[in-house]
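Working notes, beginning with the structure itself.
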Amino acid sequence: MYKIEHVKSENSKSLVISNQEETNTLLINLDEGGRVASYKHKGINIISDIENSPYNKSYAAAILFPFANRIENGEYVFNASSYKLPCNEKGNNNAIHGLVYNKSFKLIGEELKSDTARIVLYYKEKNGYQGFPYKFSIWLIYILNNGEFSVTVKVKNDDDYSFPFTLGWHPYFISSDLQQSQLIFNAKEKFLSDEKGIVLDREKFTTSIPIQLGKIELDDAFTVNSNIAKLITPDYTLKLESSSAENYLQIYTPEELNAIAIEPMVGVSNSLNNGIGLNVLDSNETYEKEWILKISKN
């Protein structure tokens with residue numbers, strides 16, 4: 001039987017969801033955007049925080065809305081009006097990773113069974129933000145069972161006006177030995193970025209697959225032809241599936257760590273300006289995206 005434990009610390013509230021044997025566990029920080037702080041499958045670390053890197057620097061497993069990645073100088077134009085977002089990537093003077101990564105979500109639904117746990121988190125923005133003056137609601141639906149884990153993000157425009165957005169997720173996947181790990185995905189394009197991480201152009205993707213990790217540094221975005229990416233480590237094989245056909249991936253390998261960020265996104269860096277993957281959500285309309293992790297033990 002799955003169970004849920006409410007944990008309070010001085011700075012935040014969290015949820016621990018686990019099965020009876022506590023081999024499958026999920027730690028969710030409600031006050032850090034409802035993010036997955038850790039996920040273990042059959043006792044193996046799959047998703048984790050980054051050692052010696054605070055959350056406001058790593059954005060580990062953050063939900064990225066209303067934009068994924070960066071907006072150059074925090075500036076964009078929509079419907080002939082100019083907007084200025086707060087720049088939280090100080091060195092590069094960019095707005096980065098959206099506006100809900102540090103918001104407090106509420107648990108509004110839970111369903112615990114012998115082989116499955118389903119929880120629903122909720123955040124409502126009633127006033128809008130600097131640079132994004134729109135009202136919206138966002139739901140995070142996490143489903144955990146003995147074979148897979150899924151993340152569904154649902155957004156509703158509560159405003160009287162349409163707004164632009166992209167959406168992403170920023171998990172770090174752990175490997176016991178990254179040099180013995182491989183990444184497989186079907187990409188048709190690689191995006192070229194400047195030193196600030198802002199997309200400038202794109203080129204045909206010609207790198208041979210699978211990519212042998214550990215000896216290569218990655219911090220790149222790709223247009224992918226498939227909704228499936230695969231990570232093979234010494235301990236487990238992970239299939240990351242998206243619910244839609246049009247997808248982008250940001251791949252990032254932190255220095256000197258056995259971890260890789262595989263970030264599914266619906267748009268790329270500076271999307272509010274370059275329009276790559278940009279969506280527009282009309283008043284009272286909803287948008288929904290699901291990512292599924294299917295894991296097998298090696």
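By order in the structure tokens, chains are A, B, ...; within a chain, residues start at 1; ligands start at 1, following the order shown.
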*If you count only C-alpha atoms, which residues fall within 6 Å of range 83-95 of chain A, apart from same-chain ones fewer than 3 positions away, as a ChimeraX atom specification?*
/A:70-76,130-131,196
*Can you list every residue in range 46-218 of chain A that DSSP puts in helix (DSSP H, G or I), as a VMD selection string?*
chain A and resid 55 to 58 90 to 92 178 to 180
Residue selection dump (C-alpha atoms) as a PDB file, in the first residue's frame:
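Just written: out17.pdb:
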```
ATOM      1  CA  TYR A  55      18.118  24.896  -5.783  1.00  0.00           C
ATOM      2  CA  ASN A  56      18.023  28.541  -6.896  1.00  0.00           C
ATOM      3  CA  LYS A  57      21.094  27.778  -9.000  1.00  0.00           C
ATOM      4  CA  SER A  58      20.393  24.227 -10.234  1.00  0.00           C
ATOM      5  CA  LYS A  90      22.445  37.792 -12.822  1.00  0.00           C
ATOM      6  CA  GLY A  91      25.729  37.192 -14.607  1.00  0.00           C
ATOM      7  CA  ASN A  92      24.064  36.976 -17.999  1.00  0.00           C
ATOM      8  CA  LEU A 178      28.290   8.533 -16.170  1.00  0.00           C
ATOM      9  CA  GLN A 179      31.236   7.316 -18.286  1.00  0.00           C
ATOM     10  CA  GLN A 180      29.461   3.973 -18.574  1.00  0.00           C
TER      11      GLN A 180
END
```
*For Val268 in chain A, please output as a PyMOL selection string all residues within 10 Å (counting only C-alpha atoms; exclusion window: fewer than 5 positions along the same chain).*
chain A and resi 67-71+166-168+191+198-199+220-223+247-250+274-278
_Residues of range 109-175 of chain A classed as strand (DSSP E or B) by DSSP on the backbone are to be reported as a ChimeraX atom specification._
/A:109-112,116-125,129,132,136-145,148-157,163-165,168-170,172-174
Output the selection as a CSV table (one decimal), in the first residue's frame - N, CA and C atoms for each residue.
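Contents of the output file again13.csv:
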```csv
chain,number,residue,atom,x,y,z
A,109,GLY,N,-5.5,16.9,-3.8
A,109,GLY,CA,-6.0,15.6,-4.1
A,109,GLY,C,-5.0,14.5,-3.9
A,110,GLU,N,-5.4,13.3,-3.4
A,110,GLU,CA,-4.6,12.2,-3.2
A,110,GLU,C,-5.4,10.9,-3.4
A,111,GLU,N,-4.8,9.9,-4.0
A,111,GLU,CA,-5.4,8.6,-4.2
A,111,GLU,C,-4.3,7.6,-4.0
A,112,LEU,N,-4.4,6.8,-2.9
A,112,LEU,CA,-3.3,5.9,-2.5
A,112,LEU,C,-3.9,4.4,-2.6
A,116,THR,N,-0.3,1.9,-6.6
A,116,THR,CA,-0.3,3.2,-7.3
A,116,THR,C,-0.5,4.4,-6.3
A,117,ALA,N,0.2,5.5,-6.5
A,117,ALA,CA,-0.1,6.7,-5.7
A,117,ALA,C,-0.3,7.8,-6.7
A,118,ARG,N,-1.4,8.6,-6.5
A,118,ARG,CA,-1.7,9.7,-7.4
A,118,ARG,C,-1.9,10.9,-6.5
A,119,ILE,N,-1.2,12.0,-6.8
A,119,ILE,CA,-1.4,13.2,-6.0
A,119,ILE,C,-1.6,14.4,-7.0
A,120,VAL,N,-2.3,15.4,-6.5
A,120,VAL,CA,-2.6,16.6,-7.3
A,120,VAL,C,-2.2,17.8,-6.5
A,121,LEU,N,-1.3,18.7,-7.1
A,121,LEU,CA,-0.9,19.9,-6.4
A,121,LEU,C,-1.5,21.1,-7.2
A,122,TYR,N,-1.6,22.2,-6.6
A,122,TYR,CA,-2.3,23.4,-7.2
A,122,TYR,C,-1.7,24.7,-6.8
A,123,TYR,N,-1.6,25.6,-7.7
A,123,TYR,CA,-1.2,27.0,-7.5
A,123,TYR,C,-2.0,27.9,-8.3
A,124,LYS,N,-2.5,29.0,-7.7
A,124,LYS,CA,-3.3,30.0,-8.5
A,124,LYS,C,-2.6,31.3,-8.4
A,125,GLU,N,-2.3,31.9,-9.5
A,125,GLU,CA,-1.8,33.3,-9.5
A,125,GLU,C,-2.9,34.2,-9.8
A,129,TYR,N,2.6,38.8,-12.6
A,129,TYR,CA,3.9,39.2,-12.2
A,129,TYR,C,4.4,40.4,-13.0
A,132,PHE,N,4.8,39.6,-16.7
A,132,PHE,CA,3.8,38.6,-17.1
A,132,PHE,C,2.6,38.9,-16.3
A,136,PHE,N,-3.5,33.0,-13.8
A,136,PHE,CA,-3.6,31.6,-14.3
A,136,PHE,C,-3.7,30.7,-13.1
A,137,SER,N,-4.1,29.4,-13.4
A,137,SER,CA,-4.0,28.3,-12.4
A,137,SER,C,-3.2,27.2,-13.0
A,138,ILE,N,-2.5,26.5,-12.1
A,138,ILE,CA,-1.6,25.4,-12.6
A,138,ILE,C,-1.7,24.2,-11.7
A,139,TRP,N,-1.9,23.1,-12.3
A,139,TRP,CA,-2.0,21.8,-11.5
A,139,TRP,C,-0.9,20.9,-11.9
A,140,LEU,N,-0.3,20.3,-10.9
A,140,LEU,CA,0.7,19.2,-11.1
A,140,LEU,C,0.2,17.9,-10.6
A,141,ILE,N,0.2,17.0,-11.5
A,141,ILE,CA,-0.4,15.6,-11.2
A,141,ILE,C,0.8,14.6,-11.3
A,142,TYR,N,1.1,14.0,-10.2
A,142,TYR,CA,2.2,13.0,-10.1
A,142,TYR,C,1.5,11.7,-9.9
A,143,ILE,N,1.9,10.7,-10.7
A,143,ILE,CA,1.5,9.3,-10.5
A,143,ILE,C,2.7,8.4,-10.4
A,144,LEU,N,2.7,7.7,-9.3
A,144,LEU,CA,3.9,6.8,-9.0
A,144,LEU,C,3.3,5.4,-8.9
A,145,ASN,N,4.0,4.4,-9.6
A,145,ASN,CA,3.7,3.0,-9.4
A,145,ASN,C,4.9,2.2,-9.4
A,148,GLU,N,6.6,2.8,-13.3
A,148,GLU,CA,6.8,4.1,-13.9
A,148,GLU,C,6.4,5.2,-13.0
A,149,PHE,N,6.7,6.4,-13.5
A,149,PHE,CA,6.4,7.7,-12.8
A,149,PHE,C,6.0,8.7,-13.9
A,150,SER,N,4.9,9.4,-13.7
A,150,SER,CA,4.5,10.4,-14.6
A,150,SER,C,4.2,11.7,-14.0
A,151,VAL,N,4.5,12.8,-14.8
A,151,VAL,CA,4.3,14.2,-14.4
A,151,VAL,C,3.3,14.8,-15.4
A,152,THR,N,2.2,15.3,-15.0
A,152,THR,CA,1.3,16.0,-15.8
A,152,THR,C,1.1,17.4,-15.4
A,153,VAL,N,1.3,18.4,-16.3
A,153,VAL,CA,1.1,19.8,-16.0
A,153,VAL,C,-0.1,20.3,-16.7
A,154,LYS,N,-1.0,20.9,-16.0
A,154,LYS,CA,-2.2,21.5,-16.6
A,154,LYS,C,-2.2,23.0,-16.2
A,155,VAL,N,-2.4,23.8,-17.2
A,155,VAL,CA,-2.4,25.3,-17.0
A,155,VAL,C,-3.8,25.8,-17.6
A,156,LYS,N,-4.4,26.7,-16.8
A,156,LYS,CA,-5.6,27.4,-17.3
A,156,LYS,C,-5.4,28.9,-17.2
A,157,ASN,N,-5.8,29.5,-18.3
A,157,ASN,CA,-5.7,31.0,-18.4
A,157,ASN,C,-7.0,31.6,-17.7
A,163,PHE,N,-2.3,34.9,-23.3
A,163,PHE,CA,-0.9,35.1,-23.0
A,163,PHE,C,0.0,34.1,-23.7
A,164,PRO,N,1.3,34.5,-23.9
A,164,PRO,CA,2.2,33.6,-24.6
A,164,PRO,C,2.9,32.7,-23.5
A,165,PHE,N,3.3,31.5,-23.9
A,165,PHE,CA,4.0,30.7,-22.9
A,165,PHE,C,4.8,29.5,-23.6
A,168,GLY,N,8.3,23.6,-19.5
A,168,GLY,CA,9.3,22.6,-19.5
A,168,GLY,C,9.5,21.9,-18.1
A,169,TRP,N,10.4,21.0,-18.0
A,169,TRP,CA,10.7,20.3,-16.8
A,169,TRP,C,12.2,20.1,-16.7
A,170,HIS,N,12.8,20.2,-15.5
A,170,HIS,CA,14.2,20.3,-15.4
A,170,HIS,C,14.8,19.2,-14.5
A,172,TYR,N,17.3,16.2,-13.0
A,172,TYR,CA,18.6,15.7,-13.1
A,172,TYR,C,18.5,14.2,-12.8
A,173,PHE,N,19.0,13.4,-13.8
A,173,PHE,CA,19.0,11.9,-13.6
A,173,PHE,C,20.4,11.5,-13.2
A,174,ILE,N,20.4,10.6,-12.2
A,174,ILE,CA,21.6,10.2,-11.5
A,174,ILE,C,22.1,8.9,-12.1
```
*Write out as a PyMOL selection string the residues lying within 12 Å of Asp49 in chain A, counting only C-alpha atoms and excluding same-chain residues fewer than 5 positions away.*
chain A and resi 27-29+35-39+54-62+170-174+254+257-261
*So what do you get for CA of Thr207 in chain A versus CA of Thr233 in chain A, distance-wise?*
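Answer for the CA of Thr207 in chain A to CA of Thr233 in chain A separation: 19.9 Å.
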*Computed interatomic separation between CA of Glu217 in chain A and CA of Thr253 in chain A (Å)*: 5.9 Å
_When you look at Val16 in chain A with a cut-off of 6 Å (counting only C-alpha atoms), what residues show up, excluding the ones that are within fewer than 5 positions of it in the same chain? I need them as a ChimeraX atom specification._
/A:4-5,26-27
*Report the distance between CA of Thr23 in chain A and CA of Ile44 in chain A in Å, rounded to one decimal place.*
8.1 Å
*Taking into account only C-alpha atoms, which residue in the set A:Asn146, A:Asn225, A:Ser104, A:Asn11 is nearest to Gly43 in chain A?*
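Closest candidate: A:Asn146.
With only C-alpha atoms as the atoms that count, the minimum distance from His41 in chain A to the choices A:Thr237, A:Ser12, A:Ser226, A:Asn284 is reached by A:Thr237.
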*Of the residues A:Glu255, A:Gly33, A:Lys113, A:Ser242, which is the one nearest to His97 in chain A, using only C-alpha atoms?*
A:Gly33
_If we count only C-alpha atoms and set the cut-off at 7 Å, which residues sit around Lys13 in chain A, ignoring sequence neighbours fewer than 6 positions away in its own chain? Please answer as a list in words._
Val7, Asn29, Leu30 and Asp31 of chain A
